[in-house]
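**Q** Quick one: the structure is below, questions incoming.
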Amino acid sequence: MELNLPGSRAESTPARAGAPTAKVFVSDQDTEGVIRQSLSDLGVDDAEFTKGTVETATAALATQASPRLLIVDLSGITDPIARIDELAARCEPDVSVVAVGDQNDIILYRRLKGAGIAEYYFKPLIRDLVKRTCSNVLSGGHDKSTDSRSGKLIFVLGVRGGVGATTIATNAAWRLSEKGQRWVMFVDLDMQNGDAALQLDLAPSHTLREALEKPERVDKLFLERGTLHASQRLDLLACLEPLGESISLNDDSVLSLLEILLHRYRFVFVDLPGPVAVELVRVLRQPSTCVLVSNASLASARETARWREWIGPNSPERRTLHILNMAGADGALPDAEFIRVAGYAPDITIGYDRAIGLASNLGVKATQKCDSFNRGVAKLLRDLAGEPAETPRSLFSRIFG
């Protein structure tokens, strides 16, 4: 399938296309020998073997492309569930993980299966069992519907135009991919006026519109060829369709696209304009985090209250966060008055910084120099992904670093 995608940079950074079929991280020669022979029997001749454990795999996959099959060793690991969770954060959700270890423990087995691994075997390995599992994974016979691992869905919705929702969303996605080393997709559903591509220094393509108009065509190859690559781990779907042209979105096509993306990326950010959000009721009701962005104006306070009421209360699967942006700017309401009108205190407040207006016109790399803005984005990422707080730099490091 050939796609005509002007402006696409998909061909320039085929990060995942170069990944081997399998990567193996085990600590002893006997285990490696059984796995090597099993993969060889299946005709897998590009498997990569590294001596180590699940911790070695986590460190490696922070900078390497993810394979279809990943085999990791849990031998000697004191908290294997936590280490599997850390590993999952570094690789794509559609990677199948087989774990081996030195514990014959049914409770551990059930917890590992609940964490999303395809299978667990304790040593010494039985070749036929390993070969059967690897064959099921590589042939597509493994039922991934039983896996709990999938991406997180984040909607970013500006309650009014010009409140900085796209700037916050693109910076959060970029930082999560660059500093957090997560696989991230950004979808800009403002298909005629969106700025996400500008923020990420990319030229929009027609892939997003094609994906929504013909959802049956969307598969892994379609995404590999059609997505825009902002960095090694951050991809973008954005278009800039002609003004005045009728573009209608429906729940089914958007849900179909999101389902595929959530099995390929660890985080999926959706820049969701208000008029589009009102039309996509079922989409907005999906398990997700909805980030409402406002400034501190009276109109924004009113719209924040209206959107919270329309979206509805938080639930175990779906919640709303509110970012109050540009607090303290000219015309901003006092904090107490804003809370009275909005009905809630904001979850995150970002103070007004004159420099952010200019920096946002220059893209995400320019906004990295705006300290107050980035502190707010860091708080958002700690909430969404558990990103640790940055240690304040000492006076010495600020002067000489």
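Letters for chains follow the order of the structure tokens (A, B, ...), residue numbers begin at 1 for each chain, and ligand numbers begin at 1 in the order shown.
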For Val218 (chain A), please output as an NGL selection string all residues within 12 Å (counting only C-alpha atoms; exclusion window: fewer than 3 positions along the same chain).
**A** :A and (1 or 3 or 207-215 or 221-227 or 253-254 or 256-261)
**Q** Atoms to include: N, CA and C atoms. Write the selected residues as a short mmCIF file (atom, residue, chain, number, x, y, z; two decimals), in the first residue's frame.
**A**
data_model
loop_
_atom_site.label_atom_id
_atom_site.label_comp_id
_atom_site.auth_asym_id
_atom_site.auth_seq_id
_atom_site.Cartn_x
_atom_site.Cartn_y
_atom_site.Cartn_z
N MET A 1 0.85 -1.20 0.00
CA MET A 1 0.00 0.00 0.00
C MET A 1 0.88 1.24 0.00
N LEU A 3 1.26 5.31 0.06
CA LEU A 3 0.54 6.49 0.50
C LEU A 3 1.21 7.73 -0.02
N THR A 207 -2.76 11.96 6.47
CA THR A 207 -2.95 10.62 7.03
C THR A 207 -4.09 10.57 8.03
N LEU A 208 -4.19 11.58 8.89
CA LEU A 208 -5.23 11.56 9.92
C LEU A 208 -6.61 11.55 9.27
N ARG A 209 -6.83 12.39 8.29
CA ARG A 209 -8.15 12.41 7.64
C ARG A 209 -8.44 11.08 6.97
N GLU A 210 -7.43 10.51 6.31
CA GLU A 210 -7.63 9.22 5.66
C GLU A 210 -7.95 8.14 6.68
N ALA A 211 -7.27 8.19 7.83
CA ALA A 211 -7.52 7.19 8.88
C ALA A 211 -8.93 7.28 9.42
N LEU A 212 -9.47 8.50 9.51
CA LEU A 212 -10.81 8.68 10.06
C LEU A 212 -11.90 8.41 9.02
N GLU A 213 -11.60 8.67 7.75
CA GLU A 213 -12.58 8.41 6.72
C GLU A 213 -12.60 6.96 6.27
N LYS A 214 -11.44 6.28 6.40
CA LYS A 214 -11.35 4.88 6.00
C LYS A 214 -10.67 4.08 7.11
N PRO A 215 -11.34 3.92 8.25
CA PRO A 215 -10.71 3.25 9.41
C PRO A 215 -10.30 1.82 9.12
N LEU A 221 1.31 -1.11 9.37
CA LEU A 221 2.06 -0.59 8.22
C LEU A 221 1.58 0.80 7.84
N PHE A 222 0.27 1.01 7.88
CA PHE A 222 -0.29 2.33 7.58
C PHE A 222 0.29 3.38 8.51
N LEU A 223 0.35 3.05 9.80
CA LEU A 223 0.88 4.01 10.78
C LEU A 223 2.37 4.24 10.60
N GLU A 224 3.12 3.17 10.32
CA GLU A 224 4.56 3.32 10.15
C GLU A 224 4.88 4.22 8.96
N ARG A 225 4.07 4.14 7.91
CA ARG A 225 4.33 4.93 6.72
C ARG A 225 3.75 6.33 6.79
N GLY A 226 2.66 6.48 7.55
CA GLY A 226 1.92 7.72 7.47
C GLY A 226 2.09 8.69 8.62
N THR A 227 2.56 8.23 9.77
CA THR A 227 2.68 9.14 10.90
C THR A 227 3.91 10.04 10.74
N SER A 253 -15.39 6.09 14.05
CA SER A 253 -14.10 6.17 13.38
C SER A 253 -12.99 6.61 14.33
N VAL A 254 -13.29 7.55 15.22
CA VAL A 254 -12.28 8.00 16.19
C VAL A 254 -11.97 6.89 17.19
N SER A 256 -12.22 3.69 16.69
CA SER A 256 -11.46 2.66 15.98
C SER A 256 -9.98 3.02 15.90
N LEU A 257 -9.69 4.29 15.57
CA LEU A 257 -8.30 4.74 15.50
C LEU A 257 -7.65 4.69 16.87
N LEU A 258 -8.34 5.18 17.90
CA LEU A 258 -7.75 5.20 19.24
C LEU A 258 -7.47 3.80 19.76
N GLU A 259 -8.31 2.85 19.45
CA GLU A 259 -8.09 1.48 19.90
C GLU A 259 -6.78 0.93 19.36
N ILE A 260 -6.50 1.20 18.09
CA ILE A 260 -5.24 0.75 17.48
C ILE A 260 -4.06 1.47 18.12
N LEU A 261 -4.18 2.78 18.29
CA LEU A 261 -3.07 3.56 18.84
C LEU A 261 -2.75 3.16 20.27
#
**Q** Assign secondary structure with DSSP using the backbone only, and return the residues of region 96-308 of chain A in strand (DSSP E) as number ranges by chain.
**A** A: 96-101, 119-122, 152-158, 184-188, 228-229, 234-237, 267-271, 288-294
**Q** Output N, CA and C atoms for every residue in that selection, as a CSV table (one decimal), in the first residue's frame.
**A**
chain,number,residue,atom,x,y,z
A,96,SER,N,5.0,-8.5,23.1
A,96,SER,CA,4.7,-9.7,23.9
A,96,SER,C,5.9,-10.0,24.7
A,97,VAL,N,5.7,-10.2,26.0
A,97,VAL,CA,6.8,-10.4,27.0
A,97,VAL,C,6.7,-11.8,27.5
A,98,VAL,N,7.8,-12.6,27.4
A,98,VAL,CA,7.8,-13.9,28.1
A,98,VAL,C,8.9,-13.8,29.2
A,99,ALA,N,8.6,-14.2,30.4
A,99,ALA,CA,9.5,-14.1,31.5
A,99,ALA,C,10.0,-15.5,31.9
A,100,VAL,N,11.2,-15.6,32.3
A,100,VAL,CA,11.8,-16.8,32.9
A,100,VAL,C,12.4,-16.4,34.2
A,101,GLY,N,12.5,-17.4,35.1
A,101,GLY,CA,13.0,-17.1,36.5
A,101,GLY,C,13.3,-18.3,37.3
A,119,GLU,N,3.7,-15.2,29.1
A,119,GLU,CA,3.9,-16.5,29.8
A,119,GLU,C,5.1,-16.4,30.7
A,120,TYR,N,5.1,-17.2,31.7
A,120,TYR,CA,6.3,-17.3,32.7
A,120,TYR,C,6.7,-18.7,32.8
A,121,TYR,N,8.0,-19.0,32.7
A,121,TYR,CA,8.6,-20.3,32.9
A,121,TYR,C,9.7,-20.3,34.0
A,122,PHE,N,9.7,-21.2,34.9
A,122,PHE,CA,10.8,-21.3,35.8
A,122,PHE,C,11.9,-22.3,35.3
A,152,LYS,N,-2.3,4.8,27.8
A,152,LYS,CA,-3.1,5.7,28.5
A,152,LYS,C,-3.6,6.8,27.6
A,153,LEU,N,-4.9,7.1,27.7
A,153,LEU,CA,-5.5,8.1,26.8
A,153,LEU,C,-5.7,9.4,27.6
A,154,ILE,N,-5.1,10.5,27.0
A,154,ILE,CA,-5.2,11.8,27.6
A,154,ILE,C,-5.8,12.8,26.6
A,155,PHE,N,-7.0,13.3,26.9
A,155,PHE,CA,-7.6,14.4,26.2
A,155,PHE,C,-7.1,15.7,26.8
A,156,VAL,N,-6.8,16.7,25.9
A,156,VAL,CA,-6.4,18.0,26.3
A,156,VAL,C,-7.4,19.0,25.6
A,157,LEU,N,-8.2,19.7,26.5
A,157,LEU,CA,-9.3,20.5,25.9
A,157,LEU,C,-9.2,21.9,26.5
A,158,GLY,N,-9.0,22.9,25.6
A,158,GLY,CA,-9.1,24.3,26.0
A,158,GLY,C,-10.5,24.7,26.2
A,184,VAL,N,5.0,7.8,22.6
A,184,VAL,CA,3.9,8.7,22.7
A,184,VAL,C,3.3,9.0,21.3
A,185,MET,N,2.0,9.0,21.2
A,185,MET,CA,1.3,9.5,20.0
A,185,MET,C,0.6,10.8,20.3
A,186,PHE,N,0.6,11.8,19.4
A,186,PHE,CA,-0.1,13.0,19.6
A,186,PHE,C,-1.1,13.1,18.4
A,187,VAL,N,-2.4,13.2,18.7
A,187,VAL,CA,-3.4,13.3,17.7
A,187,VAL,C,-4.1,14.7,17.8
A,188,ASP,N,-4.0,15.5,16.7
A,188,ASP,CA,-4.5,16.8,16.7
A,188,ASP,C,-5.9,16.8,15.9
A,228,LEU,N,3.8,11.2,11.4
A,228,LEU,CA,4.9,12.1,11.4
A,228,LEU,C,5.8,11.9,12.6
A,229,HIS,N,7.1,11.9,12.5
A,229,HIS,CA,8.0,11.6,13.6
A,229,HIS,C,8.6,12.8,14.1
A,234,LEU,N,8.2,10.0,19.7
A,234,LEU,CA,7.0,10.8,19.7
A,234,LEU,C,6.5,10.9,18.2
A,235,ASP,N,5.4,10.4,18.0
A,235,ASP,CA,4.7,10.5,16.6
A,235,ASP,C,3.5,11.4,16.7
A,236,LEU,N,3.2,11.9,15.5
A,236,LEU,CA,2.1,12.9,15.4
A,236,LEU,C,1.2,12.5,14.2
A,237,LEU,N,-0.1,12.6,14.4
A,237,LEU,CA,-1.1,12.6,13.4
A,237,LEU,C,-1.8,13.9,13.4
A,267,PHE,N,1.4,6.2,25.6
A,267,PHE,CA,0.5,7.4,25.9
A,267,PHE,C,0.0,7.9,24.6
A,268,VAL,N,-1.3,8.2,24.6
A,268,VAL,CA,-1.9,8.8,23.4
A,268,VAL,C,-2.6,10.2,23.8
A,269,PHE,N,-2.0,11.3,23.4
A,269,PHE,CA,-2.5,12.6,23.7
A,269,PHE,C,-3.4,13.0,22.5
A,270,VAL,N,-4.6,13.5,22.8
A,270,VAL,CA,-5.5,14.0,21.8
A,270,VAL,C,-5.9,15.5,22.1
A,271,ASP,N,-5.4,16.3,21.2
A,271,ASP,CA,-5.8,17.8,21.3
A,271,ASP,C,-7.2,17.9,20.8
A,288,SER,N,-10.0,7.4,30.5
A,288,SER,CA,-9.1,8.4,30.1
A,288,SER,C,-8.9,9.5,31.2
A,289,THR,N,-8.0,10.4,31.0
A,289,THR,CA,-7.8,11.6,31.7
A,289,THR,C,-8.1,12.8,30.8
A,290,CYS,N,-9.1,13.6,31.2
A,290,CYS,CA,-9.4,14.8,30.4
A,290,CYS,C,-8.8,16.0,31.1
A,291,VAL,N,-7.8,16.7,30.4
A,291,VAL,CA,-7.2,17.8,31.0
A,291,VAL,C,-7.8,19.1,30.4
A,292,LEU,N,-8.6,19.8,31.3
A,292,LEU,CA,-9.2,21.0,30.9
A,292,LEU,C,-8.2,22.2,31.1
A,293,VAL,N,-8.0,23.0,30.2
A,293,VAL,CA,-7.1,24.1,30.3
A,293,VAL,C,-7.9,25.4,30.1
A,294,SER,N,-7.6,26.3,31.1
A,294,SER,CA,-8.3,27.7,31.0
A,294,SER,C,-7.2,28.7,31.4
**Q** Looking at A:Gln37, A:Leu112, A:Ala47, A:Cys239, which one is nearest to Asp79 (chain A), with distances taken over only C-alpha atoms?
**A**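 Comparing A:Gln37, A:Leu112, A:Ala47, A:Cys239 against Asp79 (chain A), the winner is A:Leu112.
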**Q** Applying 8 Å and only C-alpha atoms, which residues near Arg127 (chain A) remain after dropping the ones on its own chain fewer than 6 positions away? List them as a list in words.
**A** Val34, Ile35, Gln37 and Ser38 of chain A
**Q** Keeping only C-alpha atoms, take the residues you just selected and write them out as a PDB file, in the first residue's frame.
**A**
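The new file part_39.pdb reads:
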ATOM      1  CA  VAL A  34      17.288 -23.432  25.105  1.00  0.00           C
ATOM      2  CA  ILE A  35      15.809 -20.134  23.897  1.00  0.00           C
ATOM      3  CA  GLN A  37      17.493 -23.318  19.803  1.00  0.00           C
ATOM      4  CA  SER A  38      13.722 -22.730  20.149  1.00  0.00           C
TER       5      SER A  38
END
**Q** May I ask which of the residues A:Leu108, A:Leu69, A:Ala378, A:Leu262 is the closest one to Ser135 (chain A), counting only C-alpha atoms?
**A** A:Leu69
